[in-house]
Amino acid sequence: MEQKRKMTTGERLDVLMKAEEYRQAGNEAEADRITLGLPMPLYMAEFVKKYFGAEALIKGGYNLSEVEAECGPDWLTR
């Protein structure tokens, strides 16, 4: 199985800057779409899971690829 690499800080910043360009142009939907595509950090995913439940992460459509790579694909159900 091929392991995905983590996004660099620079890559994350590029996405956030592009999202801000969309917001400035009045395209909130596109800004939200590309921001939601950023991998959620483990500490944040753990917080959401603990206080709002795994269902919030599932329904929110968050990118949990880095969390799953670090903690395993069954992380949400443990």
# chains A, B, ... in the order shown; residues from 1 in each chain; ligands from 1
call {"tool": "residues_around", "arguments": {"residues": "Pro41 in chain A", "least_positions_apart": "4", "cutoff": "10 Å", "atoms": "only C-alpha atoms", "output": "list of chain:residue names"}}
result
A:Ala45, A:Glu46, A:Asn63, A:Leu64, A:Ser65, A:Glu66, A:Val67
call {"tool": "closest_residue", "arguments": {"among": "A:Ala25, A:Leu38, A:Ala31, A:Val48", "to": "Thr9 in chain A", "atoms": "only C-alpha atoms"}}
result
A:Leu38
call {"tool": "select_by_dssp", "arguments": {"residues": "chain A", "states": "alpha helix (DSSP H)", "output": "PyMOL selection string"}}
result
chain A and resi 9-24+28-36+42-52+54-60+65-71
call {"tool": "closest_residue", "arguments": {"among": "A:Ala19, A:Leu57, A:Arg5, A:Asp74", "to": "Met44 in chain A", "atoms": "only C-alpha atoms"}}
result
A:Leu57
call {"tool": "closest_residue", "arguments": {"among": "A:Gly61, A:Gly53, A:Pro39, A:Gly10", "to": "Arg78 in chain A", "atoms": "only C-alpha atoms"}}
result
A:Gly53
call {"tool": "closest_residue", "arguments": {"among": "A:Lys59, A:Lys18, A:Lys50, A:Arg12", "to": "Glu30 in chain A", "atoms": "only C-alpha atoms"}}
result
A:Lys18
call {"tool": "atom_distance", "arguments": {"atom1": "CA of Ile58 in chain A", "atom2": "CA of Leu76 in chain A"}}
result
8.7 Å
call {"tool": "residues_around", "arguments": {"residues": "Gly60 in chain A", "least_positions_apart": "4", "cutoff": "12 Å", "atoms": "only C-alpha atoms", "output": "list in words"}}
result
Asp32, Arg33, Leu36, Gly37, Met40, Ala45, Val48, Lys49, Phe52, Gly53, Ala54, Glu55, Ala56 and Leu64 of chain A
call {"tool": "write_last_selection", "arguments": {"atoms": "N, CA and C atoms", "output": "mmCIF file, in the first residue's frame"}}
result
data_model
loop_
_atom_site.group_PDB
_atom_site.id
_atom_site.type_symbol
_atom_site.label_atom_id
_atom_site.label_comp_id
_atom_site.auth_asym_id
_atom_site.auth_seq_id
_atom_site.Cartn_x
_atom_site.Cartn_y
_atom_site.Cartn_z
ATOM 1 N N ASP A 32 -14.703 27.684 0.719
ATOM 2 C CA ASP A 32 -15.013 26.641 1.692
ATOM 3 C C ASP A 32 -14.637 25.263 1.168
ATOM 4 N N ARG A 33 -14.898 25.017 -0.116
ATOM 5 C CA ARG A 33 -14.610 23.708 -0.706
ATOM 6 C C ARG A 33 -13.123 23.380 -0.639
ATOM 7 N N LEU A 36 -11.929 22.935 3.057
ATOM 8 C CA LEU A 36 -12.371 21.660 3.617
ATOM 9 C C LEU A 36 -11.481 20.508 3.127
ATOM 10 N N GLY A 37 -10.837 20.691 1.999
ATOM 11 C CA GLY A 37 -9.954 19.668 1.461
ATOM 12 C C GLY A 37 -8.615 19.557 2.175
ATOM 13 N N MET A 40 -7.133 17.562 8.147
ATOM 14 C CA MET A 40 -7.322 18.045 9.517
ATOM 15 C C MET A 40 -6.192 17.511 10.391
ATOM 16 N N ALA A 45 -8.833 16.804 15.155
ATOM 17 C CA ALA A 45 -9.750 15.680 14.949
ATOM 18 C C ALA A 45 -10.087 15.005 16.276
ATOM 19 N N VAL A 48 -12.633 17.270 18.101
ATOM 20 C CA VAL A 48 -13.977 17.169 17.524
ATOM 21 C C VAL A 48 -14.601 15.828 17.878
ATOM 22 N N LYS A 49 -13.840 14.756 17.762
ATOM 23 C CA LYS A 49 -14.363 13.427 18.088
ATOM 24 C C LYS A 49 -14.786 13.361 19.552
ATOM 25 N N PHE A 52 -17.777 16.338 20.047
ATOM 26 C CA PHE A 52 -18.923 16.365 19.149
ATOM 27 C C PHE A 52 -19.259 14.999 18.559
ATOM 28 N N GLY A 53 -18.341 14.047 18.715
ATOM 29 C CA GLY A 53 -18.580 12.691 18.239
ATOM 30 C C GLY A 53 -18.056 12.444 16.837
ATOM 31 N N ALA A 54 -17.834 11.176 16.560
ATOM 32 C CA ALA A 54 -17.316 10.769 15.253
ATOM 33 C C ALA A 54 -18.269 11.172 14.132
ATOM 34 N N GLU A 55 -19.551 11.167 14.429
ATOM 35 C CA GLU A 55 -20.551 11.516 13.412
ATOM 36 C C GLU A 55 -20.343 12.936 12.883
ATOM 37 N N ALA A 56 -19.895 13.846 13.735
ATOM 38 C CA ALA A 56 -19.630 15.217 13.296
ATOM 39 C C ALA A 56 -18.500 15.256 12.274
ATOM 40 N N LEU A 64 -9.586 13.536 6.573
ATOM 41 C CA LEU A 64 -8.926 12.887 7.701
ATOM 42 C C LEU A 64 -7.780 11.987 7.249
#
call {"tool": "closest_residue", "arguments": {"among": "A:Asp14, A:Ala69, A:Thr8, A:Asn27", "to": "Leu42 in chain A", "atoms": "only C-alpha atoms"}}
result
A:Ala69
